[in-house]
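A.B. asks: Data file upload17.txt (compact mmCIF, C-alpha atoms) is appended below.
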```
# COMPACT_ATOMS: atom_id res chain seq x y z
CA MET A 272 -10.68 -27.77 20.50
CA SER A 273 -9.77 -27.09 16.90
CA THR A 274 -6.10 -26.42 16.23
CA THR A 275 -6.62 -25.08 12.71
CA LEU A 276 -4.87 -21.75 12.24
CA LYS A 277 -7.09 -18.79 11.41
CA HIS A 278 -6.39 -15.70 9.36
CA PHE A 279 -8.41 -12.67 8.28
CA LEU A 280 -7.42 -11.61 4.76
CA LEU A 281 -7.47 -7.89 4.00
CA PRO A 282 -8.18 -6.40 0.56
CA GLY A 283 -5.12 -6.31 -1.68
CA MET A 284 -3.42 -9.18 0.14
CA ILE A 285 -2.49 -12.78 -0.59
CA LYS A 286 -2.28 -15.62 1.93
CA ILE A 287 -0.89 -19.04 1.27
CA SER A 288 -0.36 -21.74 3.84
CA LYS A 289 1.31 -25.12 4.05
CA GLN A 290 -0.35 -25.65 7.41
CA PRO A 291 -4.11 -26.23 7.54
CA MET A 292 -5.61 -22.77 7.88
CA GLU A 293 -9.06 -21.21 7.74
CA ILE A 294 -8.86 -17.91 5.89
CA THR A 295 -11.79 -15.52 6.14
CA THR A 296 -12.44 -12.54 3.90
CA LEU A 297 -15.31 -10.18 3.05
CA LEU A 298 -16.13 -9.42 -0.56
CA GLY A 299 -18.30 -6.85 -2.28
CA SER A 300 -17.27 -5.97 -5.82
CA CYS A 301 -13.84 -7.41 -5.00
CA VAL A 302 -12.98 -10.94 -6.08
CA SER A 303 -11.12 -13.72 -4.29
CA ILE A 304 -9.64 -16.77 -5.96
CA CYS A 305 -9.06 -19.78 -3.73
CA LEU A 306 -6.40 -22.02 -5.24
CA TRP A 307 -6.19 -25.52 -3.84
CA ASP A 308 -3.64 -28.22 -4.56
CA SER A 309 -5.55 -31.49 -4.38
CA VAL A 310 -2.35 -33.56 -4.11
CA LEU A 311 -0.39 -31.60 -1.49
CA GLN A 312 -3.60 -30.43 0.22
CA ILE A 313 -2.37 -26.89 0.55
CA GLY A 314 -4.02 -23.68 -0.56
CA GLY A 315 -3.79 -19.95 -1.11
CA ILE A 316 -6.17 -17.09 -1.64
CA ASN A 317 -6.05 -13.53 -2.97
CA HIS A 318 -8.45 -10.60 -2.65
CA TYR A 319 -8.29 -8.02 -5.41
CA LEU A 320 -10.19 -4.76 -5.79
CA MET A 321 -9.69 -3.84 -9.43
CA PRO A 322 -9.10 -5.83 -12.60
CA LEU A 323 -5.91 -4.36 -14.05
CA TRP A 324 -2.93 -2.41 -12.82
CA ASN A 325 -2.79 0.77 -14.88
CA GLY A 326 0.57 2.04 -13.71
CA THR A 327 -0.92 4.00 -10.80
CA GLY A 328 0.61 3.47 -7.37
CA LEU A 329 2.45 0.26 -6.55
CA ALA A 330 2.01 -2.86 -8.68
CA SER A 331 0.32 -4.67 -5.83
CA PRO A 332 -2.15 -7.58 -5.66
CA LYS A 333 -4.86 -4.97 -5.26
CA TYR A 334 -5.13 -5.51 -9.03
CA GLY A 335 -6.50 -8.76 -10.48
CA ASN A 336 -3.88 -9.38 -13.15
CA ILE A 337 -1.11 -9.08 -10.55
CA ALA A 338 -2.99 -10.87 -7.74
CA ILE A 339 -3.79 -13.97 -9.80
CA GLU A 340 -0.35 -14.42 -11.36
CA SER A 341 1.26 -13.82 -7.98
CA LEU A 342 -0.97 -16.37 -6.23
CA ILE A 343 -0.16 -19.01 -8.86
CA LYS A 344 3.59 -18.30 -8.55
CA LYS A 345 3.44 -18.56 -4.76
CA MET A 346 1.63 -21.91 -4.91
CA ILE A 347 4.24 -23.21 -7.37
CA SER A 348 7.01 -22.00 -5.05
CA LEU A 349 5.45 -24.19 -2.33
CA GLY A 350 5.84 -27.22 -4.58
CA SER A 351 2.47 -27.27 -6.34
CA LYS A 352 2.16 -28.40 -9.91
CA ARG A 353 -0.03 -26.26 -12.13
CA GLU A 354 -2.12 -29.26 -13.22
CA ASN A 355 -3.02 -30.09 -9.63
CA LEU A 356 -4.36 -26.61 -8.87
CA LYS A 357 -8.12 -26.09 -8.69
CA ALA A 358 -9.69 -22.65 -8.51
CA LYS A 359 -12.84 -21.45 -6.77
CA VAL A 360 -13.93 -17.88 -7.39
CA PHE A 361 -16.12 -15.61 -5.26
CA GLY A 362 -17.28 -11.99 -5.24
CA GLY A 363 -17.69 -9.44 -8.01
CA ALA A 364 -21.08 -8.18 -6.82
CA SER A 365 -22.61 -4.99 -8.19
CA LEU A 366 -23.21 -3.08 -5.01
CA LEU A 367 -23.79 0.22 -6.75
CA LYS A 368 -26.68 1.07 -9.03
CA SER A 369 -25.58 1.12 -12.66
CA SER A 370 -26.27 4.86 -12.78
CA GLU A 371 -23.80 5.42 -9.94
CA TYR A 372 -20.93 3.80 -11.75
CA SER A 373 -20.90 3.27 -15.44
CA PHE A 374 -18.16 0.66 -15.57
CA ASN A 375 -19.14 -2.21 -13.37
CA ILE A 376 -16.02 -3.04 -11.37
CA GLY A 377 -17.51 -6.32 -10.08
CA GLU A 378 -18.14 -7.62 -13.60
CA ARG A 379 -14.69 -6.58 -14.77
CA ASN A 380 -13.13 -8.27 -11.75
CA ILE A 381 -14.91 -11.51 -12.71
CA GLU A 382 -13.87 -11.19 -16.36
CA ILE A 383 -10.17 -10.84 -15.57
CA GLN A 384 -10.03 -14.04 -13.52
CA GLU A 385 -11.61 -16.00 -16.38
CA SER A 386 -8.92 -14.92 -18.82
CA VAL A 387 -5.93 -15.24 -16.46
CA LEU A 388 -6.96 -18.68 -15.15
CA LYS A 389 -7.52 -19.86 -18.72
CA GLU A 390 -4.14 -18.51 -19.80
CA ASN A 391 -2.52 -20.45 -16.96
CA ASN A 392 -4.49 -23.65 -17.64
CA ILE A 393 -6.02 -23.69 -14.18
CA GLU A 394 -9.30 -25.49 -13.79
CA LEU A 395 -12.19 -23.50 -12.35
CA VAL A 396 -14.19 -25.96 -10.26
CA ALA A 397 -16.68 -23.72 -8.44
CA GLN A 398 -17.81 -20.14 -8.33
CA SER A 399 -20.31 -17.79 -6.80
CA THR A 400 -19.97 -14.44 -8.49
CA GLY A 401 -22.01 -11.38 -9.39
CA GLY A 402 -25.38 -10.50 -7.92
CA LYS A 403 -26.20 -7.57 -5.69
CA LEU A 404 -25.01 -8.85 -2.31
CA GLY A 405 -21.63 -9.00 -0.64
CA ARG A 406 -20.17 -12.30 0.53
CA LYS A 407 -18.27 -13.66 3.48
CA ILE A 408 -16.13 -16.70 2.73
CA ILE A 409 -14.00 -19.03 4.83
CA PHE A 410 -11.47 -21.07 2.86
CA ASN A 411 -10.00 -24.18 4.40
CA THR A 412 -6.53 -24.63 2.88
CA PHE A 413 -6.38 -28.32 3.89
CA THR A 414 -9.73 -29.55 2.54
CA GLY A 415 -10.12 -26.93 -0.20
CA LEU A 416 -13.70 -26.35 0.96
CA VAL A 417 -15.14 -22.86 1.01
CA LYS A 418 -18.03 -21.84 3.25
CA MET A 419 -19.91 -18.85 1.95
CA LYS A 420 -22.79 -16.70 3.06
CA TYR A 421 -24.28 -13.53 1.67
CA ILE A 422 -23.92 -10.38 3.73
CA LYS A 423 -25.72 -7.05 3.62
CA GLN A 424 -22.94 -4.80 4.88
CA ARG A 425 -21.09 -2.66 2.33
CA VAL A 426 -17.63 -4.05 1.80
CA CYS A 427 -15.18 -3.52 -1.01
CA MET B 19 -30.69 0.33 -28.75
CA THR B 20 -32.34 3.45 -27.37
CA GLU B 21 -30.94 6.92 -27.85
CA SER B 22 -29.99 7.25 -24.17
CA GLU B 23 -28.15 3.90 -24.33
CA ILE B 24 -26.20 5.15 -27.35
CA VAL B 25 -25.28 8.33 -25.48
CA GLU B 26 -24.16 6.27 -22.46
CA LEU B 27 -22.12 3.97 -24.70
CA LYS B 28 -20.44 6.93 -26.38
CA LYS B 29 -19.60 8.34 -22.95
CA GLN B 30 -18.06 5.02 -21.93
CA ILE B 31 -16.05 4.79 -25.17
CA ALA B 32 -14.73 8.32 -24.59
CA LEU B 33 -13.71 7.37 -21.04
CA LEU B 34 -12.01 4.21 -22.30
CA LYS B 35 -10.12 6.20 -24.93
CA LYS B 36 -8.95 8.66 -22.30
CA GLY B 37 -7.88 5.80 -20.00
CA ASN B 38 -6.03 4.20 -22.88
CA GLU B 39 -4.14 7.41 -23.60
CA VAL B 40 -3.11 7.76 -19.94
CA LEU B 41 -1.97 4.13 -19.90
CA ASN B 42 0.01 4.61 -23.07
CA LYS B 43 1.76 7.65 -21.60
CA LYS B 44 2.61 5.69 -18.45
CA LEU B 45 3.96 2.77 -20.49
CA LYS B 46 6.23 5.08 -22.46
CA ALA B 47 7.51 6.66 -19.27
CA SER B 48 7.97 3.31 -17.55
CA GLU B 49 11.35 2.36 -19.01
CA GLY B 50 12.81 5.80 -18.34
CA LEU B 51 11.55 5.72 -14.75
CA LYS B 52 13.14 2.35 -14.09
CA THR B 53 16.52 3.60 -15.26
CA HIS B 54 16.12 6.73 -13.17
CA PHE B 55 15.18 4.65 -10.15
CA ILE B 56 18.25 2.44 -10.36
CA SER B 57 20.66 5.37 -10.64
CA ASN B 58 18.88 7.18 -7.83
CA ILE B 59 18.84 4.21 -5.52
CA MET B 60 22.58 3.88 -6.10
CA ASN B 61 23.03 7.43 -4.84
CA GLU B 62 20.64 7.04 -1.95
CA ILE B 63 22.29 3.88 -0.69
CA TYR B 64 25.85 4.15 -1.90
CA ASN B 65 26.49 7.73 -0.71
CA PRO B 66 25.44 7.28 2.94
CA PHE B 67 27.27 3.96 3.04
CA THR B 68 30.50 5.50 1.73
CA SER B 69 30.20 8.31 4.30
CA ILE B 70 29.73 5.80 7.10
CA LEU B 71 32.79 3.83 6.00
CA MET B 72 34.97 6.94 5.71
CA MET B 73 33.92 8.48 8.99
CA SER B 74 34.24 5.28 10.95
CA GLU B 75 37.73 4.89 9.50
CA ASN B 76 38.53 8.44 10.63
CA ILE B 77 37.40 7.59 14.15
CA ILE B 78 39.60 4.49 14.18
CA ASN B 79 42.61 6.64 13.18
CA LEU B 80 41.90 9.43 15.70
CA ASP B 81 44.18 10.14 18.62
CA LYS B 82 42.64 8.63 21.70
CA GLU B 83 42.31 11.96 23.51
CA LYS B 84 40.23 13.59 20.70
CA LEU B 85 36.93 12.39 22.05
CA ASP B 86 35.01 15.51 20.96
CA GLN B 87 35.93 14.92 17.30
CA ALA B 88 34.96 11.27 17.60
CA TYR B 89 31.62 12.36 19.08
CA ALA B 90 30.93 14.74 16.16
CA MET B 91 31.78 12.06 13.62
CA ALA B 92 29.66 9.48 15.43
CA ASN B 93 26.77 11.93 15.12
CA LEU B 94 27.32 12.16 11.37
CA ILE B 95 27.55 8.38 11.10
CA HIS B 96 24.26 8.10 12.94
CA SER B 97 22.56 10.60 10.65
CA GLU B 98 23.87 8.86 7.50
CA ALA B 99 22.82 5.47 8.90
CA ALA B 100 19.34 6.89 9.62
CA LYS B 101 19.06 7.98 5.95
CA LEU B 102 20.08 4.53 4.83
CA ASP B 103 17.62 2.92 7.22
CA PHE B 104 14.80 5.09 5.86
CA HIS B 105 15.52 4.21 2.23
CA LEU B 106 15.84 0.51 2.99
CA LYS B 107 12.58 0.54 4.96
CA ASN B 108 10.85 2.09 1.94
CA ILE B 109 12.28 -0.47 -0.45
CA PHE B 110 11.28 -3.38 1.80
CA ALA B 111 7.83 -1.85 2.40
CA ALA B 112 7.22 -1.51 -1.35
CA ALA B 113 8.39 -5.09 -1.89
CA MET B 114 6.02 -6.38 0.82
CA ILE B 115 3.07 -4.40 -0.58
CA GLU B 116 3.77 -5.60 -4.11
CA ALA B 117 4.02 -9.20 -2.89
CA GLY B 118 0.70 -8.83 -1.06
CA LEU B 119 2.32 -10.22 2.06
CA ASP B 120 1.85 -7.25 4.33
CA ASP B 121 -0.67 -7.23 7.12
CA VAL B 122 -2.06 -4.80 9.67
CA ASP B 123 -0.51 -5.22 13.10
CA CYS B 124 -2.31 -3.01 15.61
CA LYS B 125 -0.99 -2.14 19.02
CA SER B 126 -1.43 0.63 21.55
CA THR B 127 0.66 3.60 20.34
CA ASP B 128 1.55 7.00 21.76
CA ILE B 129 1.13 8.88 18.52
CA GLN B 130 2.67 12.23 19.58
CA LYS B 131 5.70 10.43 20.94
CA LEU B 132 5.97 8.50 17.69
CA LEU B 133 5.80 11.73 15.67
CA ASP B 134 8.46 13.37 17.84
CA SER B 135 10.78 10.40 17.40
CA VAL B 136 10.28 10.43 13.60
CA ILE B 137 11.01 14.19 13.49
CA ARG B 138 14.25 13.61 15.44
CA THR B 139 15.52 11.25 12.71
CA PHE B 140 15.43 14.20 10.27
CA ALA B 141 17.45 16.52 12.55
CA SER B 142 20.42 16.82 10.19
CA SER B 143 18.29 17.39 7.04
CA LEU B 144 16.35 20.08 8.92
CA LYS B 145 19.56 21.70 10.10
CA ASN B 146 21.09 21.62 6.60
CA LYS B 147 18.16 23.60 5.15
CA ASN B 148 17.53 25.57 8.33
CA ILE B 149 13.93 24.34 8.34
CA LYS B 150 11.83 24.25 11.49
CA ILE B 151 9.00 21.85 12.20
CA GLU B 152 6.19 23.35 14.25
CA ASN B 153 3.79 20.98 15.93
CA THR B 154 0.48 22.88 16.00
CA SER B 155 -1.54 20.07 17.62
CA ILE B 156 -4.00 21.49 20.14
CA ASN B 157 -3.79 18.45 22.34
CA ARG B 158 -0.19 17.33 22.85
CA ASN B 159 -1.24 14.67 25.36
CA LEU B 160 -3.36 12.38 23.24
CA ALA B 161 -4.30 9.08 24.80
CA GLU B 162 -2.63 6.04 23.26
CA VAL B 163 -4.46 4.80 20.17
CA ASN B 164 -4.72 1.34 18.71
CA THR B 165 -2.98 1.43 15.33
CA ASP B 166 -0.23 -0.10 13.22
CA LYS B 167 2.76 1.72 14.72
CA ASN B 168 5.32 0.72 12.07
CA LYS B 169 3.11 1.74 9.17
CA ILE B 170 2.15 5.06 10.77
CA SER B 171 5.84 5.68 11.48
CA LEU B 172 6.77 5.13 7.81
CA ILE B 173 3.84 7.31 6.69
CA PHE B 174 5.11 10.13 8.95
CA SER B 175 8.70 9.65 7.76
CA ASN B 176 7.76 9.84 4.09
CA LEU B 177 5.49 12.85 4.47
CA ILE B 178 8.09 14.70 6.55
CA SER B 179 10.91 13.76 4.18
CA ASN B 180 8.79 14.98 1.27
CA ALA B 181 7.93 18.25 3.05
CA ILE B 182 11.63 18.90 3.80
CA LYS B 183 12.58 18.20 0.18
CA PHE B 184 10.09 20.67 -1.23
CA SER B 185 10.27 23.39 1.42
CA ASN B 186 12.40 26.43 0.73
CA ASP B 187 15.49 27.00 2.87
CA SER B 188 14.66 28.55 6.25
CA GLY B 189 11.05 27.50 5.76
CA ILE B 190 8.59 26.20 8.31
CA ILE B 191 6.77 22.88 8.17
CA GLU B 192 3.59 22.64 10.22
CA VAL B 193 2.40 19.29 11.54
CA GLU B 194 -0.77 18.54 13.46
CA ILE B 195 -2.26 15.41 14.95
CA LYS B 196 -5.74 15.02 16.35
CA GLU B 197 -8.00 12.18 17.28
CA ASP B 198 -11.77 12.38 17.08
CA ASN B 199 -14.61 9.95 16.43
CA SER B 200 -12.11 7.09 16.41
CA ASN B 201 -10.17 8.69 13.56
CA LEU B 202 -6.59 9.75 13.63
CA THR B 203 -5.95 12.88 11.54
CA PHE B 204 -2.44 13.94 10.57
CA THR B 205 -1.85 17.16 8.65
CA ILE B 206 1.46 18.37 7.24
CA LYS B 207 1.99 21.65 5.42
CA ASP B 208 5.26 22.53 3.75
CA SER B 209 6.56 25.91 2.59
CA GLY B 210 7.38 24.79 -0.93
CA PRO B 211 6.03 25.84 -4.33
CA GLY B 212 2.86 23.74 -3.98
CA ILE B 213 1.50 21.29 -6.48
CA THR B 214 -0.78 21.86 -9.46
CA ASP B 215 -4.21 20.23 -9.47
CA ASN B 216 -3.43 17.98 -12.44
CA HIS B 217 -0.37 16.58 -10.65
CA LYS B 218 -2.18 15.75 -7.41
CA ASP B 219 -2.92 12.13 -8.34
CA GLU B 220 0.38 11.50 -10.08
CA ILE B 221 2.54 12.12 -7.03
CA PHE B 222 1.37 8.83 -5.54
CA ASP B 223 2.59 6.81 -8.54
CA ARG B 224 5.55 4.51 -8.17
CA PHE B 225 8.86 6.14 -9.13
CA GLU B 226 6.96 9.30 -10.02
CA ARG B 227 8.95 12.50 -10.28
CA LEU B 228 7.01 15.45 -11.53
CA ASP B 229 10.04 17.41 -12.55
CA ASP B 230 13.36 15.76 -13.23
CA THR B 231 15.25 19.01 -12.67
CA ILE B 232 13.75 19.47 -9.23
CA ASN B 233 14.22 15.85 -8.35
CA SER B 234 17.84 15.80 -9.34
CA ILE B 235 18.34 18.36 -6.59
CA THR B 236 15.93 16.92 -4.09
CA GLY B 237 16.84 13.27 -4.49
CA GLY B 238 14.60 10.48 -3.25
CA ASN B 239 13.74 7.15 -4.73
CA GLY B 240 10.22 8.00 -5.88
CA LEU B 241 8.68 5.29 -3.74
CA GLY B 242 7.77 7.26 -0.62
CA LEU B 243 4.37 8.67 -1.50
CA SER B 244 3.23 5.51 -3.27
CA ILE B 245 3.94 3.67 -0.01
CA VAL B 246 2.02 6.33 1.94
CA LYS B 247 -0.98 5.82 -0.35
CA ALA B 248 -0.83 2.02 -0.15
CA TYR B 249 -0.51 2.07 3.66
CA VAL B 250 -3.34 4.59 4.09
CA GLU B 251 -5.58 2.40 1.90
CA LEU B 252 -4.57 -0.70 3.84
CA LEU B 253 -5.54 1.06 7.06
CA ASN B 254 -8.88 2.11 5.51
CA GLY B 255 -7.92 5.78 5.55
CA THR B 256 -8.08 8.71 3.15
CA ILE B 257 -5.60 11.28 1.78
CA GLU B 258 -6.37 14.84 0.79
CA ILE B 259 -3.98 17.30 -0.88
CA LYS B 260 -4.54 21.04 -0.91
CA ASN B 261 -2.59 23.98 -2.23
CA THR B 262 -2.33 26.66 0.43
CA LYS B 263 0.92 28.58 -0.08
CA GLY B 264 2.71 25.25 -0.07
CA THR B 265 1.35 21.74 -0.14
CA LYS B 266 -0.97 20.63 2.64
CA ILE B 267 -1.52 16.89 2.96
CA THR B 268 -4.13 15.51 5.35
CA ILE B 269 -4.48 11.84 6.11
CA VAL B 270 -7.35 10.40 8.12
CA ILE B 271 -6.97 6.88 9.45
CA PRO B 272 -9.58 5.05 11.54
CA VAL B 273 -8.11 3.51 14.68
CA CYS B 274 -8.11 -0.29 14.67
CA THR B 275 -11.19 -2.01 15.99
CA ALA B 276 -11.59 -5.64 16.99
CA GLU B 277 -11.51 -7.93 13.99
CA GLU B 278 -14.70 -9.52 12.83
CA ALA B 279 -15.52 -12.49 15.04
CA ASP B 280 -14.41 -15.76 13.54
CA ASP B 281 -17.85 -17.28 13.41
CA ASP B 282 -16.88 -20.29 11.39
CA LEU B 283 -20.32 -21.80 11.87
CA PHE B 284 -22.65 -19.98 9.51
CA ASP B 285 -26.34 -20.50 10.00
CA ASP B 286 -27.14 -20.05 6.32
CA GLU B 287 -23.89 -21.09 4.69
CA GLU B 288 -23.35 -22.58 1.27
CA LEU B 289 -20.50 -24.99 0.70
CA PHE B 290 -18.25 -24.92 -2.36
```
Mind turning this structure into structure tokens?
C.D. replies:
Amino acid sequence: MSTTLKHFLLPGMIKISKQPMEITTLLGSCVSICLWDSVLQIGGINHYLMPLWNGTGLASPKYGNIAIESLIKKMISLGSKRENLKAKVFGGASLLKSSEYSFNIGERNIEIQESVLKENNIELVAQSTGGKLGRKIIFNTFTGLVKMKYIKQRVC
Amino acid sequence: MTESEIVELKKQIALLKKGNEVLNKKLKASEGLKTHFISNIMNEIYNPFTSILMMSENIINLDKEKLDQAYAMANLIHSEAAKLDFHLKNIFAAAMIEAGLDDVDCKSTDIQKLLDSVIRTFASSLKNKNIKIENTSINRNLAEVNTDKNKISLIFSNLISNAIKFSNDSGIIEVEIKEDNSNLTFTIKDSGPGITDNHKDEIFDRFERLDDTINSITGGNGLGLSIVKAYVELLNGTIEIKNTKGTKITIVIPVCTAEEADDDLFDDEELF
């Protein structure tokens, strides 16, 4: 029987673990960044809904700019070195027809991760973003591997 | 580029410009709000704490036979400590939300009992303004529901605290809870001046105070409703605000269902 811890990550949250953990999340136009430290073999993941905090509500990791910086800081607080961190990015689908929403949130969520990861010199090693379908991912914080499948249900 | 594309682009530019203006306004207000928050939090925490210290000292110095006076002061200490507890819970809740470390913890909850216990914590504030809370729920014996008790409790506390703040003296606050189609609906209506349509969204902003003059009287740290909004979103719920001779806020929260099965073996998975 597997002893790996399991966690279901909700939108707007961050999960990091020193213990091997399988973290599952569901993504529509939202984006998740899985950060993995190849030396310490630890990882963390966020799940953001919108690209930038605009001063509305709390400055939470619901917003990409806050979620990414916060995830990086949390990994560093666990002893990771920036140069050992590898990023994998998922989500950012366009679930709505362009006529339903003029500013594509999914695309903007993908764009923000590109700029923030670049700013922080974090290598992007894999991604599955965009498209019209939602995704379910399971991130293994010990191996850094991410299992992904497309889903039809409407998720954020 | 076609004509319709140009029109669409112009529409998007106009929206961006508007968004930019709003952002700019918020940035300008940001520094002022922070200062206001710090001075307010000093009052909200320091005042109850000073009262607790003074009254407990009074009890220590009381003659041993004056038990009734000690009892009255203990009541005041309890009410001041409850205020402190409420403000600290809000500060910690906001910190947890902003750190992204919060989670939903569902358990079977007697929701009417929970509401009654939250209302009791505001007994002294209600007495001070001679405000009555009327529970208009049709069914007062709701079955226990599966929900995040602590989050619902803080949502109730903040909405009730807000309703007390903005209700006129001797006013009535109406609360109602119902459960249908696996949704929990909580409605609260105060007897205050109401809120204008263009302020409806702003009240959920962090540190937001729509009117500094009113807020200097009503107090509060400006975090409460932003926490309510964040918690309602976390619980997949919705908030609606209406003006009906006072402010009427309705929140609808789906009861927790079993989490998605952890089927870690996908049949059509891709590996990254």
A.B. asks: Mind giving me the straight-line distance from atom CA of B:Ser175 to atom CA of A:His318 in Å, one decimal?
C.D. replies: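 We find that atom CA of B:Ser175 and atom CA of A:His318 lie 28.5 Å from each other.
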A.B. asks: I'd like the neighbourhood of A:Ser309 as a list in words, where a residue qualifies if any of its atoms comes within 8 Å (using all atoms listed in the file), though same-chain residues fewer than 4 positions away should be ignored.
C.D. replies: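 The filter keeps Ile313, Asn355, Leu356, Lys357 and Gly415 of chain A.
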A.B. asks: Go ahead and compute the interatomic distance for atom CA of A:Leu349 and atom CA of A:Gln290, in Å to one decimal.
C.D. replies: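 Atom CA of A:Gln290 lies 11.4 Å from atom CA of A:Leu349.
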A.B. asks: As a PyMOL selection string, please: the residues near stretch 62-74 of chain B (cut-off 7 Å, all atoms listed in the file, same-chain neighbours under 6 positions excluded).
C.D. replies: chain B and resi 91+95+98-99+102
A.B. asks: With 7 Å as the limit and counting all atoms listed in the file, what residues in chain A lie close to chain B? Please list them as a short mmCIF file (atom, residue, chain, number, x, y, z; two decimals) with C-alpha atoms, keeping the file's coordinate frame.
C.D. replies:
```cif
data_model
loop_
_atom_site.label_atom_id
_atom_site.label_comp_id
_atom_site.auth_asym_id
_atom_site.auth_seq_id
_atom_site.Cartn_x
_atom_site.Cartn_y
_atom_site.Cartn_z
CA GLY A 283 -5.12 -6.31 -1.68
CA MET A 284 -3.42 -9.18 0.14
CA ILE A 285 -2.49 -12.78 -0.59
CA ASN A 325 -2.79 0.77 -14.88
CA GLY A 326 0.57 2.04 -13.71
CA THR A 327 -0.92 4.00 -10.80
CA GLY A 328 0.61 3.47 -7.37
CA LEU A 329 2.45 0.26 -6.55
CA ALA A 330 2.01 -2.86 -8.68
CA SER A 331 0.32 -4.67 -5.83
CA PRO A 332 -2.15 -7.58 -5.66
CA ALA A 397 -16.68 -23.72 -8.44
CA LEU A 416 -13.70 -26.35 0.96
CA VAL A 417 -15.14 -22.86 1.01
CA LYS A 418 -18.03 -21.84 3.25
CA MET A 419 -19.91 -18.85 1.95
CA LYS A 420 -22.79 -16.70 3.06
#
```
A.B. asks: Using atom CA of B:Asn164 and atom CA of B:Ile269 as the two end points, give the distance in Å to one decimal.
C.D. replies: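 Result for atom CA of B:Asn164 versus atom CA of B:Ile269: 16.4 Å, one decimal.
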A.B. asks: Please return as a PDB file with C-alpha atoms, in the frame of the given file every residue within 7 Å of (-15.9, -17.6, -3.2), taking into account all atoms listed in the file and the file's own coordinates.
C.D. replies:
```pdb
ATOM      1  CA  SER A 303     -11.120 -13.720  -4.290  1.00  0.00           C
ATOM      2  CA  ILE A 304      -9.640 -16.770  -5.960  1.00  0.00           C
ATOM      3  CA  LYS A 359     -12.840 -21.450  -6.770  1.00  0.00           C
ATOM      4  CA  VAL A 360     -13.930 -17.880  -7.390  1.00  0.00           C
ATOM      5  CA  PHE A 361     -16.120 -15.610  -5.260  1.00  0.00           C
ATOM      6  CA  GLY A 362     -17.280 -11.990  -5.240  1.00  0.00           C
ATOM      7  CA  GLN A 398     -17.810 -20.140  -8.330  1.00  0.00           C
ATOM      8  CA  SER A 399     -20.310 -17.790  -6.800  1.00  0.00           C
ATOM      9  CA  ILE A 408     -16.130 -16.700   2.730  1.00  0.00           C
ATOM     10  CA  VAL A 417     -15.140 -22.860   1.010  1.00  0.00           C
ATOM     11  CA  MET A 419     -19.910 -18.850   1.950  1.00  0.00           C
TER      12      MET A 419
END
```
A.B. asks: Within 7 Å of stretch 147-151 of chain B, counting only C-alpha atoms, which residues show up once you throw out same-chain ones fewer than 2 positions away? Write them as a list in words, please.
C.D. replies: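 Result of the neighbour search: Ser143, Leu144, Lys145, Asn153, Asp187, Ser188, Gly189, Ile190, Ile191 and Glu192 of chain B.
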A.B. asks: Residues within 6 Å of stretch 377-381 of chain A, please, as a list of chain:residue names. Count all atoms listed in the file; anything in the same chain fewer than 6 positions from it doesn't count.
C.D. replies: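 Final neighbour list, sorted by chain and number: A:Ser300, A:Pro322, A:Gly363, A:Ala364, A:Ser365.
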A.B. asks: With distances taken over all atoms listed in the file, which of B:Asn61, B:Ser97, B:Gln130, B:Thr262 is nearest to B:Thr203?
C.D. replies: B:Gln130
A.B. asks: Choose the residue, out of B:Val193, B:Ala181, B:Ala32, B:Ala90, that has the smallest atom-to-atom separation from B:Pro211; count all atoms listed in the file.
C.D. replies: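 That would be B:Ala181, the residue with the smallest distance to B:Pro211.
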A.B. asks: Just the residues within 12 Å of A:Ile347, please, counting all atoms listed in the file, with nothing from its chain fewer than 4 positions along; format it as JSON, numbers by chain.
C.D. replies: {"A": [287, 289, 306, 307, 308, 311, 313, 314, 315, 340, 341, 342, 343, 351, 352, 353, 354, 355, 356]}
A.B. asks: Go through B:Cys124, B:Ala161, B:Ile267, B:Ile24 and flag the residue nearest B:Lys196, using only C-alpha atoms for the distances.
C.D. replies: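 So, comparing all the options, the nearest one is B:Ala161.
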